[in-house]
>>> print(open('query_10.cif').read())   # mmCIF, C-alpha atoms
data_model
loop_
_atom_site.label_atom_id
_atom_site.label_comp_id
_atom_site.auth_asym_id
_atom_site.auth_seq_id
_atom_site.Cartn_x
_atom_site.Cartn_y
_atom_site.Cartn_z
CA MET A 1 0.00 0.00 0.00
CA GLN A 2 1.67 3.16 -1.16
CA ASN A 3 -0.29 5.89 0.59
CA PRO A 4 0.78 5.08 4.18
CA ALA A 5 4.39 4.99 2.97
CA ILE A 6 3.94 8.34 1.26
CA TYR A 7 2.31 9.75 4.38
CA LEU A 8 5.49 8.77 6.24
CA ILE A 9 7.63 10.50 3.63
CA GLY A 10 5.56 13.64 4.15
CA LEU A 11 6.05 13.23 7.87
CA VAL A 12 9.83 12.99 7.48
CA PHE A 13 9.70 16.19 5.43
CA GLY A 14 7.44 17.89 7.95
CA VAL A 15 9.64 16.90 10.89
CA GLY A 16 12.70 18.04 8.95
CA ILE A 17 11.17 21.43 8.20
CA THR A 18 10.11 21.85 11.83
CA VAL A 19 13.43 20.78 13.38
CA SER A 20 15.42 22.85 10.89
CA GLY A 21 13.64 26.10 11.70
CA MET A 22 12.18 26.63 8.24
CA ALA A 23 8.69 26.76 9.76
CA ASN A 24 9.69 29.68 11.97
CA PRO A 25 9.47 32.93 9.98
CA ALA A 26 11.55 34.86 12.51
CA LYS A 27 14.43 32.44 11.96
CA VAL A 28 13.95 32.49 8.19
CA LEU A 29 13.89 36.29 8.00
CA ASN A 30 16.96 36.52 10.22
CA PHE A 31 18.87 34.35 7.74
CA PHE A 32 18.15 36.98 5.10
CA ASP A 33 18.94 39.87 7.43
CA VAL A 34 22.68 39.81 6.81
CA PHE A 35 23.21 43.38 8.04
CA GLY A 36 20.99 42.94 11.07
CA THR A 37 20.08 40.03 13.31
CA TRP A 38 21.75 37.47 11.05
CA ASP A 39 21.09 33.81 11.83
CA PRO A 40 23.03 31.57 9.41
CA SER A 41 21.14 28.41 10.37
CA LEU A 42 19.22 28.14 7.09
CA ALA A 43 22.46 27.73 5.18
CA PHE A 44 22.94 24.52 7.13
CA VAL A 45 19.42 23.41 6.25
CA MET A 46 20.02 23.93 2.55
CA GLY A 47 23.48 22.39 2.78
CA GLY A 48 22.24 19.30 4.58
CA ALA A 49 19.29 18.88 2.24
CA LEU A 50 21.34 19.42 -0.93
CA VAL A 51 24.10 17.00 -0.06
CA THR A 52 21.57 14.34 0.93
CA ALA A 53 19.41 14.82 -2.15
CA PHE A 54 22.38 15.01 -4.49
CA ILE A 55 23.78 11.70 -3.31
CA GLY A 56 20.37 10.05 -2.99
CA TYR A 57 19.17 11.12 -6.44
CA ARG A 58 22.33 9.78 -8.07
CA VAL A 59 21.51 6.37 -6.63
CA VAL A 60 17.75 6.42 -7.18
CA LEU A 61 17.72 7.85 -10.69
CA LYS A 62 19.92 5.00 -11.93
CA ARG A 63 16.99 2.62 -11.38
CA PRO A 64 14.73 1.77 -14.31
CA ALA A 65 11.62 3.06 -12.55
CA PRO A 66 10.25 4.14 -9.17
CA THR A 67 8.61 1.59 -6.87
CA PHE A 68 4.98 2.68 -7.23
CA ASP A 69 4.98 4.22 -10.68
CA PRO A 70 6.04 3.06 -14.15
CA GLN A 71 8.17 6.17 -14.77
CA PHE A 72 10.12 9.02 -13.25
CA TYR A 73 8.67 12.54 -13.60
CA VAL A 74 11.81 14.58 -13.65
CA PRO A 75 11.57 17.92 -15.46
CA THR A 76 13.95 17.84 -18.40
CA SER A 77 13.70 21.40 -19.66
CA ARG A 78 16.95 23.32 -19.39
CA GLN A 79 15.48 26.48 -20.87
CA LEU A 80 15.66 29.63 -18.79
CA ASP A 81 12.64 31.76 -19.59
CA MET A 82 10.91 34.90 -18.39
CA PRO A 83 8.21 33.23 -16.25
CA LEU A 84 10.92 31.31 -14.37
CA ILE A 85 13.01 34.36 -13.60
CA ALA A 86 10.19 36.86 -13.09
CA GLY A 87 8.26 34.35 -11.00
CA SER A 88 11.32 33.72 -8.86
CA VAL A 89 11.85 37.45 -8.28
CA VAL A 90 8.22 37.77 -7.22
CA PHE A 91 8.44 34.70 -4.98
CA GLY A 92 11.53 36.11 -3.30
CA ILE A 93 9.80 39.41 -2.60
CA GLY A 94 6.83 37.64 -1.06
CA TRP A 95 9.10 35.41 1.02
CA GLY A 96 10.98 38.44 2.25
CA ILE A 97 7.76 40.18 3.21
CA SER A 98 6.14 37.27 5.04
CA GLY A 99 8.97 34.99 6.13
CA PHE A 100 7.08 31.98 4.78
CA CYS A 101 7.61 29.85 1.70
CA PRO A 102 5.20 27.05 0.70
CA GLY A 103 7.39 24.22 1.96
CA GLY A 104 7.84 25.99 5.28
CA ALA A 105 4.23 26.99 5.74
CA LEU A 106 2.57 23.65 5.01
CA PRO A 107 4.15 21.73 7.90
CA ALA A 108 3.67 24.83 10.09
CA LEU A 109 -0.08 24.48 9.51
CA GLY A 110 0.16 21.53 11.85
CA THR A 111 0.65 23.93 14.75
CA LEU A 112 -2.73 25.52 13.96
CA ASN A 113 -1.06 28.91 14.33
CA PRO A 114 -3.52 31.50 12.90
CA SER A 115 -0.74 33.42 11.12
CA VAL A 116 0.19 30.29 9.19
CA VAL A 117 -3.43 29.73 8.24
CA ILE A 118 -3.71 33.32 7.03
CA PHE A 119 -0.52 33.03 4.97
CA THR A 120 -1.62 29.71 3.47
CA ALA A 121 -5.02 31.10 2.50
CA ALA A 122 -3.33 34.03 0.79
CA LEU A 123 -0.85 31.64 -0.83
CA LEU A 124 -3.68 29.60 -2.30
CA ALA A 125 -5.44 32.76 -3.45
CA GLY A 126 -2.26 33.87 -5.21
CA MET A 127 -1.81 30.48 -6.83
CA GLY A 128 -5.40 30.54 -8.02
CA LEU A 129 -5.05 34.05 -9.35
CA ALA A 130 -1.92 33.16 -11.29
CA ARG A 131 -3.76 30.32 -12.99
CA ILE A 132 -6.33 32.69 -14.52
CA VAL A 133 -3.83 33.89 -17.09
CA PRO A 134 -2.94 33.14 -20.74
CA PRO A 135 -2.10 29.40 -20.96
CA ARG A 136 1.45 29.92 -22.16
CA LEU A 137 2.33 31.54 -18.86
CA THR A 138 0.58 29.00 -16.66
CA PHE A 139 2.46 26.60 -14.43
CA LYS A 140 2.98 23.49 -16.47
CA PHE A 141 2.79 20.30 -14.48
CA PRO A 142 5.89 18.29 -15.43
CA THR A 143 4.89 15.29 -17.50
CA SER A 144 8.16 14.78 -19.33
CA LYS A 145 9.24 11.16 -19.30
CA ARG A 146 12.73 10.60 -18.10
CA ARG A 147 14.44 8.30 -20.51
CA PRO A 148 16.36 5.57 -18.65
CA THR A 149 20.05 5.90 -19.40
CA MET B 1 17.12 37.49 17.63
CA THR B 2 16.99 33.78 16.88
CA GLU B 3 19.57 31.29 18.04
CA PHE B 4 22.12 29.87 15.63
CA THR B 5 21.27 26.15 15.52
CA PRO B 6 23.79 24.43 13.22
CA TRP B 7 23.09 20.87 14.35
CA ALA B 8 19.29 21.05 14.42
CA SER B 9 19.32 22.78 11.05
CA LEU B 10 21.70 20.21 9.60
CA LEU B 11 19.51 17.39 10.89
CA GLY B 12 16.40 19.08 9.55
CA GLY B 13 18.09 19.55 6.21
CA PHE B 14 19.09 15.90 6.09
CA LEU B 15 15.48 14.86 6.75
CA ILE B 16 14.22 17.21 4.05
CA GLY B 17 16.72 15.74 1.61
CA ALA B 18 15.90 12.21 2.68
CA ALA B 19 12.18 12.76 2.15
CA SER B 20 12.91 14.12 -1.31
CA VAL B 21 14.97 11.07 -2.19
CA LEU B 22 12.33 8.70 -0.83
CA LEU B 23 9.58 10.37 -2.84
CA MET B 24 11.68 10.01 -5.98
CA LEU B 25 12.33 6.38 -5.12
CA LEU B 26 8.70 5.50 -4.45
CA LYS B 27 6.79 7.76 -6.86
CA GLY B 28 9.40 9.21 -9.18
CA ARG B 29 8.37 12.75 -8.23
CA VAL B 30 10.08 15.93 -7.17
CA MET B 31 9.36 16.93 -3.57
CA GLY B 32 8.12 20.36 -4.57
CA ALA B 33 5.62 21.94 -2.20
CA THR B 34 4.32 24.26 -4.93
CA GLY B 35 3.61 21.51 -7.41
CA ILE B 36 2.12 19.15 -4.87
CA LEU B 37 -0.13 21.80 -3.35
CA GLY B 38 -1.11 23.18 -6.73
CA ALA B 39 -2.00 19.79 -8.15
CA THR B 40 -4.01 18.83 -5.08
CA VAL B 41 -6.02 22.05 -4.75
CA PHE B 42 -6.30 23.25 -8.33
CA ASP B 43 -5.25 20.89 -11.09
CA ARG B 44 -6.46 17.65 -9.49
CA PRO B 45 -5.22 15.12 -12.08
CA LYS B 46 -7.71 12.24 -12.21
CA GLY B 47 -6.79 9.24 -10.09
CA ASP B 48 -3.49 10.82 -9.17
CA THR B 49 -4.38 12.91 -6.14
CA ALA B 50 -4.57 10.44 -3.26
CA TRP B 51 -0.83 10.11 -2.82
CA ARG B 52 -0.46 13.90 -2.80
CA VAL B 53 -3.08 14.21 -0.08
CA ALA B 54 -1.22 11.55 1.92
CA LEU B 55 2.01 13.48 1.46
CA LEU B 56 0.45 16.78 2.55
CA LEU B 57 -1.15 15.17 5.60
CA GLY B 58 2.23 13.74 6.52
CA MET B 59 3.86 17.15 6.20
CA ILE B 60 1.26 18.78 8.41
CA SER B 61 1.76 16.04 11.02
CA GLY B 62 5.40 17.03 11.45
CA PRO B 63 4.99 19.55 14.28
CA ALA B 64 2.80 17.17 16.29
CA VAL B 65 5.41 14.42 16.07
CA VAL B 66 8.12 16.86 17.11
CA ALA B 67 5.92 17.97 20.01
CA LEU B 68 5.35 14.37 21.10
CA THR B 69 9.05 13.52 21.00
CA THR B 70 10.46 16.70 22.50
CA GLY B 71 7.61 17.57 24.86
CA SER B 72 6.99 21.06 23.50
CA TRP B 73 5.35 22.52 20.44
CA PRO B 74 7.65 24.09 17.87
CA VAL B 75 7.84 27.85 18.10
CA ILE B 76 6.37 29.91 15.27
CA GLU B 77 7.51 33.48 15.82
CA VAL B 78 5.82 35.82 13.36
CA PRO B 79 7.62 39.17 13.31
CA VAL B 80 5.42 40.64 10.60
CA SER B 81 1.92 42.11 10.48
CA THR B 82 -1.18 40.29 9.30
CA THR B 83 -1.19 42.60 6.28
CA ALA B 84 2.34 41.44 5.46
CA LEU B 85 1.24 37.82 5.73
CA VAL B 86 -1.64 38.39 3.32
CA ILE B 87 0.30 40.46 0.82
CA GLY B 88 3.34 38.22 1.13
CA GLY B 89 1.20 35.12 0.70
CA LEU B 90 -0.51 36.45 -2.41
CA ILE B 91 2.80 37.47 -3.92
CA VAL B 92 4.42 34.12 -3.11
CA GLY B 93 1.44 32.30 -4.63
CA VAL B 94 1.75 34.22 -7.87
CA GLY B 95 5.54 33.97 -7.92
CA VAL B 96 5.86 30.23 -7.34
CA THR B 97 3.21 29.51 -9.96
CA PHE B 98 4.97 31.46 -12.70
CA GLY B 99 8.36 30.34 -11.44
CA SER B 100 7.26 26.69 -11.45
CA GLY B 101 8.50 26.01 -7.97
CA CYS B 102 9.86 27.15 -4.64
CA THR B 103 12.60 26.38 -2.14
CA SER B 104 11.86 22.67 -1.92
CA GLY B 105 11.29 22.02 -5.62
CA HIS B 106 13.98 24.27 -7.08
CA GLY B 107 16.24 24.91 -4.12
CA VAL B 108 16.62 21.33 -2.95
CA CYS B 109 15.38 18.90 -5.61
CA GLY B 110 16.28 20.90 -8.71
CA MET B 111 19.69 21.98 -7.53
CA ALA B 112 20.45 18.44 -6.35
CA ARG B 113 19.95 17.38 -9.96
CA LEU B 114 22.14 20.29 -11.12
CA SER B 115 19.20 21.61 -13.14
CA PRO B 116 20.15 24.93 -14.80
CA ARG B 117 16.56 26.14 -14.42
CA SER B 118 16.52 25.41 -10.71
CA ILE B 119 19.94 26.91 -10.11
CA ALA B 120 18.83 30.08 -11.88
CA ALA B 121 15.50 30.15 -10.07
CA THR B 122 17.10 29.59 -6.67
CA ALA B 123 19.79 32.22 -7.20
CA THR B 124 17.07 34.62 -8.29
CA PHE B 125 14.61 34.12 -5.46
CA MET B 126 17.32 34.04 -2.83
CA THR B 127 18.69 37.35 -4.11
CA ALA B 128 15.20 38.82 -4.19
CA THR B 129 14.55 37.69 -0.61
CA PHE B 130 17.85 39.12 0.68
CA ALA B 131 17.09 42.42 -1.09
CA THR B 132 13.51 42.56 0.18
CA VAL B 133 14.48 41.91 3.79
CA PHE B 134 17.24 44.50 3.54
CA VAL B 135 14.85 47.12 2.19
CA ILE B 136 12.15 46.35 4.72
CA ARG B 137 14.44 46.20 7.75
CA HIS B 138 17.10 48.76 6.92
CA VAL B 139 15.74 51.16 4.35
CA ILE B 140 12.08 51.46 5.20
CA GLY B 141 12.74 50.36 8.77
CA GLY B 142 9.76 48.02 9.09
#
>>> encode(input="query_10.cif", output="structure tokens")
Amino acid sequence: MQNPAIYLIGLVFGVGITVSGMANPAKVLNFFDVFGTWDPSLAFVMGGALVTAFIGYRVVLKRPAPTFDPQFYVPTSRQLDMPLIAGSVVFGIGWGISGFCPGGALPALGTLNPSVVIFTAALLAGMGLARIVPPRLTFKFPTSKRRPT
Amino acid sequence: MTEFTPWASLLGGFLIGAASVLLMLLKGRVMGATGILGATVFDRPKGDTAWRVALLLGMISGPAVVALTTGSWPVIEVPVSTTALVIGGLIVGVGVTFGSGCTSGHGVCGMARLSPRSIAATATFMTATFATVFVIRHVIGG
């Protein structure tokens, strides 16, 4: 049964986010406040996550297929385009204003903190708004097949 | 002021990375909060939503598990106004949709694959966040 296993994966992620401090906007904003109350902790979060994922992906992506799916869904586009860059600028501004990013806020919802609920509602509103735009600018769900090498 | 927590942050980072690897192993998917949330709430691909709901429920369960193991609920210190949360949230929602991802999808999973798109996206949103915090805290003085 895959769903209980996937629930556990989500739990590992959620615990990781919580323990790392990514769910705490004060800590997140302090990482970005280099000239003020700088807290470098988030660099260690990214570092730890990147090293782990880099090594892990190299092992996993050598397999012919995932366990519960016939194919990998790894985005293959290498094209830098305006939506990517402009969207990232906008995301960064919003993150800097609120101290929350989606991956940080979702586990934080588990604390039932009203501020997190408010942010998440606004996040969803923004995501919905952005979808009511010309199709060529819309978020494309990655469906590219990864060819086994 | 928040405490510098190198070991907790490293551990948390390892768990985040591990979850990403496990999701790729089991489902072949990127552990991107934006994509998972977006697909679950908006796109809802037929017959392909249950696992995402399971994943999201797992994520939300994180703080409770931490509370049970450590004896205290994780601290969520919000140093910004409700207005900032709303405006910030809206802006993030728009940004991650056009940008096709956020810190988990681009910053961790994409960069771990050495994806040029994710490296560019991450460099861009990190720079934008540094600049925004600088302006808010040291120029405007908010």
>>> atom_distance(input="query_10.cif", atom1="CA of Val89 (chain A)", atom2="CA of Val92 (chain B)")
9.6 Å
>>> resolve_selection(input="query_10.cif", expression="the PyMOL selection byres ((chain A and resi 93) around 12)", output="VMD selection string")
(chain A and resid 29 32 86 to 92 94 to 101) or (chain B and resid 84 87 to 96 124 to 136)
>>> closest_residue(input="query_10.cif", among="B:Val86, B:Val75, B:Val108, B:Leu55", to="Ala5 (chain A)", atoms="all atoms listed in the file")
B:Leu55
>>> residues_around(input="query_10.cif", residues="region 104-111 of chain A", least_positions_apart="3", cutoff="7 Å", atoms="only C-alpha atoms", output="list of chain:residue names")
A:Gly14, A:Ile17, A:Met22, A:Ala23, A:Phe100, A:Cys101, A:Val116, A:Val117, A:Thr120, B:Met59, B:Ile60, B:Ser61, B:Gly62, B:Pro63, B:Ala64
>>> resolve_selection(input="query_10.cif", expression="the PyMOL selection byres ((chain A and resi 33-47) around 6)", output="count of residues only")
13
>>> resolve_selection(input="query_10.cif", expression="the PyMOL selection byres ((chain A and resi 19) around 7)", output="PyMOL selection string")
(chain A and resi 15-18+20-21) or (chain B and resi 8-9+12)
>>> decode(input="query_10.cif", residues="region 24-55 of chain A", atoms="N, CA and C atoms", output="tab-separated table (two decimals), in the first residue's frame")
chain	number	residue	atom	x	y	z
A	24	ASN	N	9.69	28.52	11.07
A	24	ASN	CA	9.69	29.68	11.97
A	24	ASN	C	10.10	30.93	11.20
A	25	PRO	N	9.15	31.79	10.83
A	25	PRO	CA	9.47	32.93	9.98
A	25	PRO	C	10.50	33.88	10.58
A	26	ALA	N	10.54	33.99	11.91
A	26	ALA	CA	11.55	34.86	12.51
A	26	ALA	C	12.96	34.36	12.18
A	27	LYS	N	13.13	33.05	12.25
A	27	LYS	CA	14.43	32.44	11.96
A	27	LYS	C	14.78	32.58	10.48
A	28	VAL	N	13.77	32.38	9.63
A	28	VAL	CA	13.95	32.49	8.19
A	28	VAL	C	14.35	33.92	7.82
A	29	LEU	N	13.60	34.89	8.32
A	29	LEU	CA	13.89	36.29	8.00
A	29	LEU	C	15.25	36.71	8.53
A	30	ASN	N	15.64	36.18	9.67
A	30	ASN	CA	16.96	36.52	10.22
A	30	ASN	C	18.09	35.98	9.36
A	31	PHE	N	17.85	34.86	8.66
A	31	PHE	CA	18.87	34.35	7.74
A	31	PHE	C	19.12	35.37	6.64
A	32	PHE	N	18.03	36.03	6.20
A	32	PHE	CA	18.15	36.98	5.10
A	32	PHE	C	18.54	38.38	5.57
A	33	ASP	N	18.60	38.57	6.88
A	33	ASP	CA	18.94	39.87	7.43
A	33	ASP	C	20.44	39.93	7.73
A	34	VAL	N	21.23	39.90	6.67
A	34	VAL	CA	22.68	39.81	6.81
A	34	VAL	C	23.26	41.00	7.57
A	35	PHE	N	22.68	42.19	7.38
A	35	PHE	CA	23.21	43.38	8.04
A	35	PHE	C	22.53	43.67	9.37
A	36	GLY	N	21.70	42.74	9.81
A	36	GLY	CA	20.99	42.94	11.07
A	36	GLY	C	21.15	41.77	12.00
A	37	THR	N	20.04	41.15	12.37
A	37	THR	CA	20.08	40.03	13.31
A	37	THR	C	20.30	38.72	12.56
A	38	TRP	N	21.49	38.60	11.93
A	38	TRP	CA	21.75	37.47	11.05
A	38	TRP	C	21.81	36.15	11.78
A	39	ASP	N	21.08	35.18	11.32
A	39	ASP	CA	21.09	33.81	11.83
A	39	ASP	C	21.40	32.90	10.66
A	40	PRO	N	22.63	32.37	10.58
A	40	PRO	CA	23.03	31.57	9.41
A	40	PRO	C	22.44	30.17	9.34
A	41	SER	N	21.62	29.80	10.29
A	41	SER	CA	21.14	28.41	10.37
A	41	SER	C	20.61	27.86	9.06
A	42	LEU	N	19.85	28.65	8.31
A	42	LEU	CA	19.22	28.14	7.09
A	42	LEU	C	20.23	27.66	6.05
A	43	ALA	N	21.42	28.20	6.10
A	43	ALA	CA	22.46	27.73	5.18
A	43	ALA	C	22.76	26.25	5.47
A	44	PHE	N	22.70	25.91	6.74
A	44	PHE	CA	22.94	24.52	7.13
A	44	PHE	C	21.78	23.62	6.71
A	45	VAL	N	20.58	24.18	6.71
A	45	VAL	CA	19.42	23.41	6.25
A	45	VAL	C	19.59	23.08	4.77
A	46	MET	N	19.86	24.12	4.00
A	46	MET	CA	20.02	23.93	2.55
A	46	MET	C	21.18	22.99	2.26
A	47	GLY	N	22.30	23.23	2.99
A	47	GLY	CA	23.48	22.39	2.78
A	47	GLY	C	23.17	20.93	3.06
A	48	GLY	N	22.58	20.67	4.21
A	48	GLY	CA	22.24	19.30	4.58
A	48	GLY	C	21.29	18.66	3.58
A	49	ALA	N	20.28	19.42	3.18
A	49	ALA	CA	19.29	18.88	2.24
A	49	ALA	C	19.92	18.61	0.88
A	50	LEU	N	20.73	19.56	0.40
A	50	LEU	CA	21.34	19.42	-0.93
A	50	LEU	C	22.28	18.24	-1.02
A	51	VAL	N	23.15	18.11	-0.04
A	51	VAL	CA	24.10	17.00	-0.06
A	51	VAL	C	23.35	15.66	-0.05
A	52	THR	N	22.36	15.57	0.82
A	52	THR	CA	21.57	14.34	0.93
A	52	THR	C	20.85	14.02	-0.37
A	53	ALA	N	20.18	15.04	-0.93
A	53	ALA	CA	19.41	14.82	-2.15
A	53	ALA	C	20.32	14.54	-3.34
A	54	PHE	N	21.45	15.22	-3.38
A	54	PHE	CA	22.38	15.01	-4.49
A	54	PHE	C	22.84	13.55	-4.54
A	55	ILE	N	23.30	13.08	-3.39
A	55	ILE	CA	23.78	11.70	-3.31
A	55	ILE	C	22.63	10.72	-3.56
